[in-house]
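The next block is start_22.txt, given as compact mmCIF, C-alpha atoms.
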```txt
# COMPACT_ATOMS: atom_id res chain seq x y z
CA MET A 1 0.00 0.00 0.00
CA THR A 2 1.44 3.32 -1.08
CA ARG A 3 0.89 6.02 1.49
CA ILE A 4 2.05 9.58 0.90
CA ASP A 5 1.70 12.15 3.65
CA PHE A 6 2.14 15.79 2.74
CA PRO A 7 3.30 18.30 5.33
CA THR A 8 1.01 21.21 6.13
CA ALA A 9 3.45 23.98 5.08
CA PRO A 10 2.15 26.30 2.34
CA PHE A 11 4.46 24.73 -0.21
CA PRO A 12 5.10 21.02 0.54
CA LEU A 13 7.96 20.35 -1.81
CA ASN A 14 9.95 17.19 -1.24
CA ARG A 15 8.20 14.26 -2.88
CA ARG A 16 11.40 12.21 -2.74
CA ARG A 17 11.17 12.28 1.04
CA LEU A 18 7.44 11.68 0.96
CA LEU A 19 7.83 8.63 -1.24
CA ALA A 20 10.52 7.09 0.93
CA GLY A 21 9.48 3.64 2.01
CA ALA A 22 6.56 3.45 -0.40
CA GLY A 23 5.70 -0.05 -1.42
CA ALA A 24 4.90 -1.53 -4.79
CA GLY A 25 1.54 0.22 -5.04
CA MET A 26 -1.92 0.14 -3.59
CA LEU A 27 -3.23 -1.91 -6.49
CA ALA A 28 -1.71 -4.90 -8.17
CA LEU A 29 -0.31 -4.05 -11.59
CA ALA A 30 -1.47 -6.36 -14.33
CA THR A 31 1.18 -8.01 -16.47
CA ARG A 32 0.97 -8.16 -20.24
CA PRO A 33 3.29 -9.06 -23.11
CA ALA A 34 6.00 -6.50 -23.76
CA ASN A 35 4.82 -5.98 -27.34
CA ALA A 36 1.31 -5.13 -26.18
CA VAL A 37 2.10 -2.29 -23.77
CA LEU A 38 -0.08 0.80 -24.28
CA ARG A 39 2.51 3.47 -24.95
CA LEU A 40 2.48 6.83 -26.69
CA ASP A 41 5.68 7.53 -28.66
CA ILE A 42 6.40 11.22 -28.13
CA THR A 43 9.80 11.24 -29.85
CA GLN A 44 8.20 11.70 -33.27
CA GLY A 45 7.53 15.16 -34.67
CA ASN A 46 3.82 14.57 -35.35
CA VAL A 47 2.11 12.75 -32.49
CA GLN A 48 -1.52 11.71 -32.78
CA PRO A 49 -3.05 12.54 -29.37
CA MET A 50 -4.21 9.49 -27.44
CA PRO A 51 -7.98 9.38 -26.77
CA ILE A 52 -8.37 9.11 -22.99
CA ALA A 53 -11.49 8.99 -20.83
CA LEU A 54 -11.36 10.98 -17.60
CA PRO A 55 -14.65 10.65 -15.69
CA ASP A 56 -15.06 12.86 -12.63
CA PHE A 57 -13.55 11.25 -9.57
CA VAL A 58 -16.10 9.63 -7.29
CA ALA A 59 -16.74 11.49 -4.04
CA GLY A 60 -16.89 9.58 -0.77
CA THR A 61 -19.66 11.91 0.43
CA PRO A 62 -21.55 14.79 -1.21
CA THR A 63 -19.33 17.29 0.62
CA GLU A 64 -16.30 15.96 -1.27
CA GLY A 65 -18.04 16.38 -4.62
CA ASP A 66 -16.56 19.78 -5.44
CA VAL A 67 -12.98 18.77 -4.73
CA ALA A 68 -13.43 15.52 -6.68
CA ARG A 69 -14.64 17.46 -9.71
CA ASN A 70 -11.86 20.02 -9.31
CA VAL A 71 -9.17 17.34 -9.20
CA SER A 72 -10.61 15.71 -12.32
CA SER A 73 -10.74 19.07 -14.08
CA VAL A 74 -7.07 19.87 -13.34
CA ILE A 75 -5.93 16.42 -14.52
CA THR A 76 -7.96 16.80 -17.71
CA GLY A 77 -6.54 20.27 -18.32
CA ASN A 78 -2.95 19.15 -17.76
CA LEU A 79 -3.17 16.21 -20.14
CA GLN A 80 -5.03 18.16 -22.80
CA ARG A 81 -2.58 21.09 -22.75
CA SER A 82 0.32 18.69 -23.20
CA GLY A 83 -0.98 18.08 -26.72
CA LEU A 84 -0.37 14.34 -26.30
CA PHE A 85 -3.83 13.36 -25.06
CA ALA A 86 -7.34 13.96 -26.36
CA PRO A 87 -9.80 13.80 -23.44
CA ILE A 88 -13.13 12.41 -24.63
CA ASN A 89 -16.25 14.51 -24.08
CA PRO A 90 -17.98 13.17 -20.94
CA GLN A 91 -21.33 13.34 -22.76
CA ALA A 92 -20.14 10.39 -24.85
CA PHE A 93 -19.60 8.16 -21.79
CA ILE A 94 -21.81 5.09 -21.67
CA GLU A 95 -20.79 3.70 -18.29
CA LYS A 96 -21.14 5.89 -15.21
CA ILE A 97 -18.30 5.16 -12.79
CA VAL A 98 -19.78 4.81 -9.30
CA ASN A 99 -17.46 2.19 -7.77
CA THR A 100 -13.75 2.64 -8.42
CA ASP A 101 -12.99 -0.77 -6.87
CA ALA A 102 -14.95 -2.52 -9.63
CA VAL A 103 -13.49 -3.42 -13.02
CA PRO A 104 -14.86 -1.05 -15.67
CA ARG A 105 -17.08 -2.30 -18.47
CA PHE A 106 -14.36 -2.09 -21.10
CA THR A 107 -16.74 -2.72 -24.00
CA ASP A 108 -18.50 0.55 -23.18
CA TRP A 109 -15.21 2.45 -23.29
CA ARG A 110 -14.02 0.70 -26.47
CA THR A 111 -17.27 1.77 -28.12
CA ILE A 112 -16.31 5.44 -27.71
CA ASN A 113 -12.73 4.70 -28.85
CA ALA A 114 -11.06 5.38 -25.49
CA GLN A 115 -7.58 3.87 -25.41
CA ALA A 116 -6.97 4.72 -21.76
CA LEU A 117 -9.35 5.27 -18.83
CA VAL A 118 -8.68 6.96 -15.48
CA THR A 119 -10.95 6.32 -12.51
CA GLY A 120 -10.54 7.85 -9.08
CA ARG A 121 -12.07 8.63 -5.72
CA MET A 122 -11.70 11.39 -3.13
CA THR A 123 -12.67 10.76 0.48
CA LYS A 124 -12.17 12.72 3.68
CA GLN A 125 -10.58 10.81 6.54
CA GLY A 126 -11.53 10.92 10.21
CA ASP A 127 -8.43 12.99 10.99
CA GLY A 128 -9.45 15.63 8.42
CA ARG A 129 -7.01 14.61 5.73
CA LEU A 130 -8.01 13.98 2.13
CA LYS A 131 -7.48 10.57 0.56
CA ALA A 132 -7.05 10.51 -3.22
CA GLU A 133 -7.03 7.26 -5.20
CA PHE A 134 -6.72 6.64 -8.91
CA ARG A 135 -6.43 3.76 -11.36
CA LEU A 136 -5.20 3.90 -14.94
CA TRP A 137 -6.65 1.30 -17.31
CA ASP A 138 -5.66 0.03 -20.74
CA VAL A 139 -9.10 -0.17 -22.35
CA PHE A 140 -8.37 -2.45 -25.29
CA ALA A 141 -6.31 -4.92 -23.26
CA GLY A 142 -8.78 -4.72 -20.37
CA GLN A 143 -5.98 -4.39 -17.85
CA GLN A 144 -4.87 -2.01 -15.14
CA LEU A 145 -1.66 -0.11 -15.81
CA ASP A 146 -1.19 1.84 -12.60
CA GLY A 147 -2.86 2.66 -9.31
CA LYS A 148 -1.90 4.73 -6.29
CA GLN A 149 -3.36 6.51 -3.31
CA TYR A 150 -2.28 9.69 -1.58
CA PHE A 151 -3.11 11.38 1.71
CA THR A 152 -2.90 15.13 2.08
CA THR A 153 -4.46 18.15 3.73
CA PRO A 154 -7.57 19.44 1.90
CA ASP A 155 -5.83 22.63 0.73
CA ASN A 156 -3.30 20.55 -1.24
CA TRP A 157 -5.83 19.03 -3.62
CA ARG A 158 -4.33 20.87 -6.60
CA ARG A 159 -0.89 19.36 -5.99
CA ILE A 160 -2.47 15.92 -5.81
CA ALA A 161 -4.04 16.55 -9.22
CA HIS A 162 -0.65 17.52 -10.68
CA ILE A 163 1.06 14.47 -9.16
CA ILE A 164 -1.61 12.13 -10.56
CA SER A 165 -1.25 13.86 -13.94
CA ASP A 166 2.49 13.18 -13.85
CA ALA A 167 1.91 9.52 -12.99
CA ILE A 168 -0.47 9.10 -15.95
CA TYR A 169 1.87 10.96 -18.31
CA GLU A 170 4.87 8.88 -17.27
CA ARG A 171 3.07 5.54 -17.49
CA LEU A 172 1.70 6.25 -20.96
CA THR A 173 4.71 8.01 -22.52
CA GLY A 174 7.68 6.52 -20.68
CA GLU A 175 8.89 10.07 -19.95
CA LYS A 176 8.85 11.97 -16.68
CA GLY A 177 5.99 14.41 -16.31
CA TYR A 178 6.27 18.13 -15.61
CA PHE A 179 2.89 19.10 -14.14
CA ASP A 180 3.96 19.16 -10.48
CA SER A 181 6.20 22.16 -11.03
CA ARG A 182 6.07 25.93 -10.86
CA VAL A 183 7.21 28.94 -12.85
CA VAL A 184 8.75 32.13 -11.54
CA PHE A 185 8.34 35.17 -13.80
CA VAL A 186 8.36 38.95 -13.90
CA ASP A 187 4.85 40.36 -13.47
CA GLU A 188 4.45 43.70 -15.28
CA THR A 189 1.71 46.24 -14.53
CA GLY A 190 1.13 49.93 -15.17
CA PRO A 191 1.75 52.19 -18.18
CA LYS A 192 4.41 51.02 -20.63
CA GLU A 193 6.77 53.88 -19.76
CA ARG A 194 6.37 53.32 -16.00
CA ARG A 195 6.01 49.57 -15.62
CA ILE A 196 6.03 48.10 -12.13
CA LYS A 197 7.91 44.80 -12.23
CA ARG A 198 7.45 42.24 -9.47
CA LEU A 199 8.65 38.70 -9.14
CA ALA A 200 5.76 36.25 -9.07
CA ILE A 201 5.43 32.49 -8.88
CA MET A 202 2.63 30.19 -10.05
CA ASP A 203 1.83 26.59 -10.86
CA GLN A 204 2.88 25.58 -14.37
CA ASP A 205 -0.77 25.87 -15.51
CA GLY A 206 -1.05 29.50 -14.37
CA ALA A 207 -2.92 28.81 -11.10
CA GLY A 208 -1.95 29.95 -7.61
CA VAL A 209 -0.10 33.16 -8.51
CA ARG A 210 1.83 34.56 -5.57
CA TYR A 211 3.96 37.73 -5.54
CA ILE A 212 7.49 37.50 -4.16
CA THR A 213 8.60 41.14 -4.37
CA ARG A 214 6.62 44.36 -3.87
CA GLY A 215 7.72 46.21 -7.00
CA ASP A 216 9.79 48.85 -5.21
CA ASP A 217 12.88 47.93 -7.24
CA LEU A 218 13.34 46.73 -10.81
CA VAL A 219 13.78 42.95 -10.92
CA LEU A 220 15.16 40.89 -13.79
CA THR A 221 16.21 37.39 -14.82
CA PRO A 222 14.84 35.09 -12.10
CA ARG A 223 16.37 31.62 -12.37
CA PHE A 224 15.69 28.41 -10.42
CA ASN A 225 18.25 26.30 -8.65
CA PRO A 226 18.17 22.99 -10.60
CA SER A 227 18.22 20.97 -7.38
CA THR A 228 16.08 22.95 -4.92
CA GLN A 229 13.20 25.43 -4.74
CA GLU A 230 15.51 28.43 -4.59
CA ILE A 231 15.84 31.23 -7.10
CA THR A 232 18.48 33.77 -8.00
CA TYR A 233 17.57 37.11 -9.54
CA MET A 234 18.82 40.64 -10.14
CA SER A 235 17.45 43.74 -8.48
CA TYR A 236 18.14 47.35 -9.38
CA GLY A 237 17.54 49.57 -6.40
CA GLN A 238 19.82 52.22 -5.00
CA GLY A 239 23.35 52.06 -6.38
CA ASP A 240 24.77 49.03 -8.15
CA PRO A 241 22.66 46.05 -9.17
CA ARG A 242 22.47 43.24 -6.64
CA VAL A 243 22.16 39.52 -7.14
CA TYR A 244 19.86 37.84 -4.62
CA LEU A 245 19.13 34.30 -3.54
CA LEU A 246 15.57 33.62 -2.40
CA ASN A 247 14.34 30.44 -0.74
CA ILE A 248 10.77 29.84 -1.92
CA GLU A 249 9.92 27.59 1.03
CA THR A 250 11.06 29.92 3.81
CA GLY A 251 10.95 33.32 2.11
CA GLN A 252 14.51 34.01 3.29
CA ARG A 253 16.48 36.31 1.01
CA GLU A 254 20.24 36.65 0.83
CA ILE A 255 22.45 39.02 -1.14
CA VAL A 256 25.02 37.20 -3.24
CA GLY A 257 26.86 40.46 -3.74
CA ASN A 258 26.93 44.01 -5.06
CA PHE A 259 28.72 44.24 -8.36
CA PRO A 260 30.13 47.39 -9.97
CA GLY A 261 28.76 48.15 -13.38
CA MET A 262 26.19 45.83 -14.89
CA THR A 263 25.43 42.25 -13.93
CA PHE A 264 23.62 39.96 -16.33
CA ALA A 265 21.62 36.75 -16.06
CA PRO A 266 22.93 34.87 -13.01
CA ARG A 267 22.30 31.11 -13.07
CA PHE A 268 22.97 28.24 -10.68
CA SER A 269 25.31 25.33 -11.28
CA PRO A 270 23.49 21.95 -11.34
CA ASP A 271 24.54 21.21 -7.74
CA GLY A 272 23.34 24.62 -6.57
CA GLN A 273 26.71 25.47 -5.01
CA ARG A 274 27.78 28.13 -7.51
CA VAL A 275 26.28 31.00 -9.47
CA ILE A 276 27.59 31.94 -12.90
CA MET A 277 27.07 35.43 -14.26
CA SER A 278 28.33 38.09 -16.65
CA LEU A 279 29.97 41.26 -15.36
CA GLN A 280 30.45 44.32 -17.51
CA GLN A 281 33.75 46.15 -17.19
CA GLY A 282 34.11 49.05 -19.55
CA GLY A 283 32.91 48.21 -23.02
CA ASN A 284 33.12 44.44 -22.66
CA ALA A 285 31.58 41.78 -20.43
CA ASN A 286 33.07 38.52 -19.22
CA LEU A 287 31.87 35.43 -17.40
CA PHE A 288 32.49 34.85 -13.71
CA VAL A 289 31.50 32.10 -11.31
CA MET A 290 30.97 32.60 -7.57
CA ASP A 291 31.15 29.87 -4.96
CA LEU A 292 28.13 30.51 -2.74
CA ARG A 293 29.82 29.19 0.39
CA SER A 294 33.15 31.00 0.20
CA LYS A 295 31.85 33.94 -1.93
CA GLN A 296 35.03 33.58 -3.96
CA THR A 297 34.70 34.73 -7.58
CA THR A 298 36.61 33.15 -10.46
CA ARG A 299 36.92 34.68 -13.91
CA LEU A 300 36.15 32.29 -16.78
CA THR A 301 36.56 34.45 -19.90
CA ASP A 302 38.86 37.37 -20.71
CA THR A 303 38.05 38.84 -24.10
CA PRO A 304 37.33 42.31 -25.53
CA ALA A 305 33.90 40.98 -26.56
CA ILE A 306 30.58 40.83 -24.72
CA ASP A 307 30.15 37.34 -23.22
CA THR A 308 26.84 36.90 -21.42
CA SER A 309 23.86 34.60 -20.67
CA PRO A 310 25.89 31.63 -19.40
CA CYS A 311 24.13 28.34 -18.61
CA TYR A 312 25.56 25.05 -17.31
CA SER A 313 25.01 21.68 -18.92
CA PRO A 314 23.01 19.30 -16.68
CA ASP A 315 26.16 17.42 -15.62
CA GLY A 316 27.98 20.67 -14.84
CA SER A 317 30.92 19.92 -17.13
CA ARG A 318 30.26 22.56 -19.79
CA ILE A 319 28.80 26.04 -20.23
CA CYS A 320 26.91 27.54 -23.13
CA PHE A 321 26.82 31.31 -23.51
CA GLU A 322 26.30 34.05 -26.06
CA SER A 323 29.12 36.22 -27.37
CA ASP A 324 29.72 38.75 -30.13
CA ARG A 325 33.40 37.80 -30.36
CA GLY A 326 32.81 36.73 -33.97
CA GLY A 327 31.07 39.99 -34.92
CA THR A 328 27.44 39.04 -34.15
CA GLN A 329 25.69 37.44 -31.17
CA GLN A 330 26.19 33.68 -31.42
CA ILE A 331 26.21 30.70 -29.07
CA TYR A 332 29.43 29.17 -27.80
CA VAL A 333 30.24 26.16 -25.63
CA MET A 334 33.26 25.73 -23.38
CA ALA A 335 34.40 23.74 -20.35
CA ALA A 336 32.87 24.86 -17.05
CA THR A 337 36.35 25.78 -15.83
CA GLY A 338 36.95 28.12 -18.78
CA GLY A 339 39.36 27.77 -21.66
CA PRO A 340 38.81 27.62 -25.43
CA ALA A 341 35.22 28.13 -26.59
CA GLN A 342 33.62 26.56 -29.66
CA ARG A 343 30.96 28.37 -31.65
CA ILE A 344 27.94 26.10 -32.28
CA SER A 345 25.32 28.39 -33.90
CA PHE A 346 25.64 28.96 -37.65
CA GLY A 347 22.05 29.50 -38.72
CA GLU A 348 20.83 32.75 -40.19
CA GLY A 349 20.92 35.87 -38.01
CA GLN A 350 21.81 36.29 -34.35
CA HIS A 351 21.47 33.72 -31.56
CA SER A 352 21.13 34.68 -27.89
CA THR A 353 19.81 33.66 -24.42
CA PRO A 354 20.95 30.00 -24.66
CA VAL A 355 19.64 27.56 -22.07
CA TRP A 356 20.58 23.90 -21.74
CA SER A 357 17.82 21.29 -21.57
CA PRO A 358 17.60 19.28 -18.31
CA ARG A 359 17.97 16.20 -20.53
CA GLY A 360 21.20 17.52 -22.02
CA ASP A 361 20.04 16.87 -25.58
CA TYR A 362 19.25 20.42 -26.72
CA ILE A 363 20.16 24.04 -26.18
CA ALA A 364 17.27 26.48 -26.68
CA PHE A 365 17.89 30.02 -27.87
CA THR A 366 16.36 33.27 -29.07
CA GLY A 367 17.02 33.88 -32.77
CA GLN A 368 16.81 37.24 -34.51
CA THR A 369 16.82 37.82 -38.27
CA ARG A 370 15.13 40.35 -40.56
CA GLY A 371 13.08 41.83 -37.72
CA GLN A 372 11.71 38.45 -36.58
CA PHE A 373 12.41 36.95 -33.15
CA SER A 374 12.31 33.16 -32.97
CA ILE A 375 12.55 30.48 -30.33
CA GLY A 376 14.70 27.60 -31.53
CA ILE A 377 16.74 24.61 -30.43
CA LEU A 378 19.96 22.98 -31.55
CA LYS A 379 22.11 20.14 -30.28
CA PRO A 380 25.16 20.91 -28.11
CA ASP A 381 27.46 20.07 -31.04
CA GLY A 382 25.67 22.66 -33.21
CA SER A 383 23.76 20.20 -35.37
CA GLY A 384 20.01 19.93 -35.83
CA GLU A 385 19.14 23.63 -35.49
CA ARG A 386 15.37 24.17 -35.73
CA LEU A 387 13.15 27.21 -35.21
CA LEU A 388 10.03 26.31 -33.22
CA THR A 389 8.10 29.57 -33.45
CA SER A 390 8.68 33.04 -34.91
CA GLY A 391 7.02 36.40 -34.43
CA PHE A 392 7.48 40.08 -33.74
CA HIS A 393 9.24 39.55 -30.43
CA ASN A 394 9.81 36.14 -28.83
CA GLU A 395 12.44 35.78 -26.15
CA GLY A 396 13.68 34.04 -23.01
CA PRO A 397 13.11 30.26 -23.42
CA SER A 398 13.02 28.06 -20.31
CA PHE A 399 12.72 24.26 -20.31
CA ALA A 400 10.16 22.22 -18.38
CA PRO A 401 11.79 19.76 -15.94
CA ASN A 402 11.42 16.88 -18.41
CA GLY A 403 12.98 18.85 -21.28
CA ARG A 404 9.99 18.27 -23.60
CA VAL A 405 8.31 21.69 -23.36
CA LEU A 406 9.60 25.25 -23.52
CA MET A 407 8.09 28.38 -21.99
CA PHE A 408 8.97 31.81 -23.39
CA PHE A 409 7.51 35.31 -23.58
CA ARG A 410 6.17 37.21 -26.57
CA ASP A 411 5.56 40.95 -26.79
CA GLN A 412 3.22 41.84 -29.64
CA GLY A 413 3.29 45.57 -28.92
CA GLY A 414 0.98 46.04 -25.94
CA GLY A 415 3.00 44.02 -23.47
CA PRO A 416 4.58 40.61 -22.97
CA ASN A 417 2.73 37.33 -22.36
CA LEU A 418 3.90 33.80 -21.61
CA PHE A 419 3.59 30.89 -24.03
CA THR A 420 4.57 27.24 -24.14
CA ILE A 421 5.58 25.09 -27.09
CA ASP A 422 6.70 21.48 -27.49
CA VAL A 423 10.30 20.82 -28.61
CA THR A 424 8.83 19.33 -31.78
CA GLY A 425 7.41 22.77 -32.63
CA ARG A 426 3.82 21.66 -31.98
CA ASN A 427 1.18 22.74 -29.51
CA GLU A 428 1.92 26.42 -28.93
CA GLN A 429 -0.31 27.74 -26.13
CA LYS A 430 -0.69 30.94 -24.16
CA VAL A 431 -0.21 30.66 -20.40
CA PRO A 432 -2.77 32.63 -18.35
CA THR A 433 -1.32 35.31 -16.05
CA PRO A 434 -3.05 38.14 -14.12
CA SER A 435 -1.27 40.84 -16.15
CA PHE A 436 1.64 41.17 -18.53
CA ALA A 437 4.43 38.68 -17.83
CA SER A 438 7.99 38.13 -19.02
CA ASP A 439 11.21 36.22 -18.34
CA PRO A 440 9.77 32.86 -17.15
CA ALA A 441 11.93 30.27 -15.40
CA TRP A 442 10.61 26.75 -14.86
CA SER A 443 11.27 25.02 -11.55
CA PRO A 444 12.45 21.44 -11.16
CA LEU A 445 9.74 19.01 -10.09
CA LEU A 446 8.55 19.93 -6.61
CA SER A 447 9.52 16.51 -5.40
```
Kindly transcribe the structure held in the file into structure tokens.
Amino acid sequence: MTRIDFPTAPFPLNRRRLLAGAGAGMLALATRPANAVLRLDITQGNVQPMPIALPDFVAGTPTEGDVARNVSSVITGNLQRSGLFAPINPQAFIEKIVNTDAVPRFTDWRTINAQALVTGRMTKQGDGRLKAEFRLWDVFAGQQLDGKQYFTTPDNWRRIAHIISDAIYERLTGEKGYFDSRVVFVDETGPKERRIKRLAIMDQDGAGVRYITRGDDLVLTPRFNPSTQEITYMSYGQGDPRVYLLNIETGQREIVGNFPGMTFAPRFSPDGQRVIMSLQQGGNANLFVMDLRSKQTTRLTDTPAIDTSPCYSPDGSRICFESDRGGTQQIYVMAATGGPAQRISFGEGQHSTPVWSPRGDYIAFTGQTRGQFSIGILKPDGSGERLLTSGFHNEGPSFAPNGRVLMFFRDQGGGPNLFTIDVTGRNEQKVPTPSFASDPAWSPLLS
């Protein structure tokens, strides 16, 4: 029996700890021949979405009805927005799920062409906690693929929905999900010439927006620690720009340092022990890395060019960055300790804001040519360059934790908004935010 207890803090974050000691699952997993596994291949450029039936979760009592419907709605929304699943209209359902312990009538679900079926139940326990259960079924094989149960406080129902969404996604695609994650971004309000910019954080689907800064100072380039729920960002207040560290769980803020001149785009190393940044000195800018424990700074580049926007590879061995050392902004890769750098971008126009995928397979970038701003990807050796989307002004790509989706911002004249797109170039979607939004940074999975 899998039992997961969430702490009552506003942002319960460590699923690895919560899963410790979990058994093989609440429900026995059916076995089936390896060549008959229901699996959606998402490595191809044109994926036909899988028809999936997602009836509302059953409520233990009428008072749990709203939360059961809400959980079902969030799961449906997550899977549909991924572009990989096609939830079937509930009006087409023949069987009404009233007992999640019973085997579904698979013929009824085959009739409406459902390939997968999710059933679930929400019940309130005597101690006030919420119990969430789900089962994932292969309709045509008539077998169960997965089943788990979770215990949490009632206010964490949305996280439960994201975790169940990830479990379904992973079981049917073979890839890790990304729904139980958050995005930090710059919220922009007020007239264009006097914009108030605040740091804000939200769930990856745009829900639960919370403001981190008050808007007293200009804030830029928030970036997540790849291993924890901590961000680094720049703030322009009185005097020189400052680089801050902010712990999302505790709200504690720490100054990394005050830097003379301009500071650009600080990012964490994969282990979270260092921050790499670009410092401007005179007419050029070079890359520096700071050890967060000793506060010692090491210079990595020393050129008369502008080197900026550094980002570590997932294993921490290399760095990609943008530089105009060749005459125009292009992407370069070098060892994390410095040394010779190799140019990898040779497509048309300029290439900037590189960011390495968590999978290590791609580097995303902002491309600019003939007045068009594009979001693209290329492999770390420079091959396979592809533009995913183009427009008047697209900028600032950030990868989802599984490396399959990118978020970026687009300003079409009135103000910037956030969008997502798959690495195949499919499924571009606008992300809802309370006002204008820019510079998104995707968190690692909350667990």
Would you mind listing what lies within 9 Å of Phe93 of chain A as a ChimeraX atom specification, with all atoms listed in the file counted and same-chain residues fewer than 6 positions away left out?
/A:53,55,108-109,112
Correct to one decimal, the distance atom CA of Asn258 of chain A-atom CA of Lys295 of chain A is 11.6 Å
Axis-aligned box over every listed atom of segment 377-386 of chain A, padded by 8 Å per side: centre and edges in Å to one decimal, as AutoDock Vina command-line options?
```
--center_x 21.4 --center_y 22.3 --center_z -32.0 --size_x 28.1 --size_y 20.7 --size_z 23.7
```
Within 10 Å of segment 223-231 of chain A, counting all atoms listed in the file, which residues show up once you throw out same-chain ones fewer than 3 positions away? Write them as a VMD selection string, please.
chain A and resid 11 13 to 14 181 to 185 220 234 244 to 253 265 to 275 314 358 398 401 439 to 447
Can you tell me which residues surround Thr111 of chain A at a distance of at most 12 Å, considering all atoms listed in the file, apart from same-chain residues fewer than 6 positions away, and format the answer as a ChimeraX atom specification?
/A:53,88,92-95,105,139-140
Grab the atom CA of Val67 of chain A to atom CA of Arg81 of chain A distance for me, in Å with one decimal place.
20.9 Å
If we count all atoms listed in the file, what is near Gly190 of chain A at a cut-off of 10 Å, once residues fewer than 6 positions away on the same chain are taken out, given as a PyMOL selection string?
chain A and resi 196-197+435-436
Could you write those residues out with C-alpha atoms, as a compact mmCIF listing (two decimals), in the coordinates of the input?
```
# COMPACT_ATOMS: atom_id res chain seq x y z
CA ILE A 196 6.03 48.10 -12.13
CA LYS A 197 7.91 44.80 -12.23
CA SER A 435 -1.27 40.84 -16.15
CA PHE A 436 1.64 41.17 -18.53
```
Would you kindly return, as a ChimeraX atom specification, each protein, DNA or RNA residue with an atom no farther than 12 Å from any atom of Ser345 of chain A, considering all atoms listed in the file and excluding same-chain residues fewer than 2 positions away?
/A:320-324,326,328-333,342-343,347-352,354,363-367,376-386
Between A:Arg69, A:Arg159, A:Arg210, A:Arg39, single out the one closest to Thr433 of chain A, counting all atoms listed in the file.
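Closest to Thr433 of chain A of all the choices is A:Arg210.
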Would you mind reading off the distance between atom CA of Asn286 of chain A and atom CA of Phe259 of chain A, one decimal, in Å?
13.0 Å
Counting all atoms listed in the file, which residues come within 12 Å of (-6.0, 24.0, -2.2), with the point read in the file's coordinates, and could you list them as an mmCIF file with C-alpha atoms, in the frame of the given file?
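out_19.cif was written with the following content:
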```cif
data_model
loop_
_atom_site.group_PDB
_atom_site.id
_atom_site.type_symbol
_atom_site.label_atom_id
_atom_site.label_comp_id
_atom_site.auth_asym_id
_atom_site.auth_seq_id
_atom_site.Cartn_x
_atom_site.Cartn_y
_atom_site.Cartn_z
ATOM 1 C CA THR A 8 1.010 21.210 6.130
ATOM 2 C CA ALA A 9 3.450 23.980 5.080
ATOM 3 C CA PRO A 10 2.150 26.300 2.340
ATOM 4 C CA PHE A 11 4.460 24.730 -0.210
ATOM 5 C CA PRO A 12 5.100 21.020 0.540
ATOM 6 C CA ASP A 66 -16.560 19.780 -5.440
ATOM 7 C CA VAL A 67 -12.980 18.770 -4.730
ATOM 8 C CA ASN A 70 -11.860 20.020 -9.310
ATOM 9 C CA VAL A 71 -9.170 17.340 -9.200
ATOM 10 C CA VAL A 74 -7.070 19.870 -13.340
ATOM 11 C CA LEU A 130 -8.010 13.980 2.130
ATOM 12 C CA THR A 152 -2.900 15.130 2.080
ATOM 13 C CA THR A 153 -4.460 18.150 3.730
ATOM 14 C CA PRO A 154 -7.570 19.440 1.900
ATOM 15 C CA ASP A 155 -5.830 22.630 0.730
ATOM 16 C CA ASN A 156 -3.300 20.550 -1.240
ATOM 17 C CA TRP A 157 -5.830 19.030 -3.620
ATOM 18 C CA ARG A 158 -4.330 20.870 -6.600
ATOM 19 C CA ARG A 159 -0.890 19.360 -5.990
ATOM 20 C CA ILE A 160 -2.470 15.920 -5.810
ATOM 21 C CA ALA A 161 -4.040 16.550 -9.220
ATOM 22 C CA HIS A 162 -0.650 17.520 -10.680
ATOM 23 C CA ASP A 203 1.830 26.590 -10.860
ATOM 24 C CA ALA A 207 -2.920 28.810 -11.100
ATOM 25 C CA GLY A 208 -1.950 29.950 -7.610
#
```
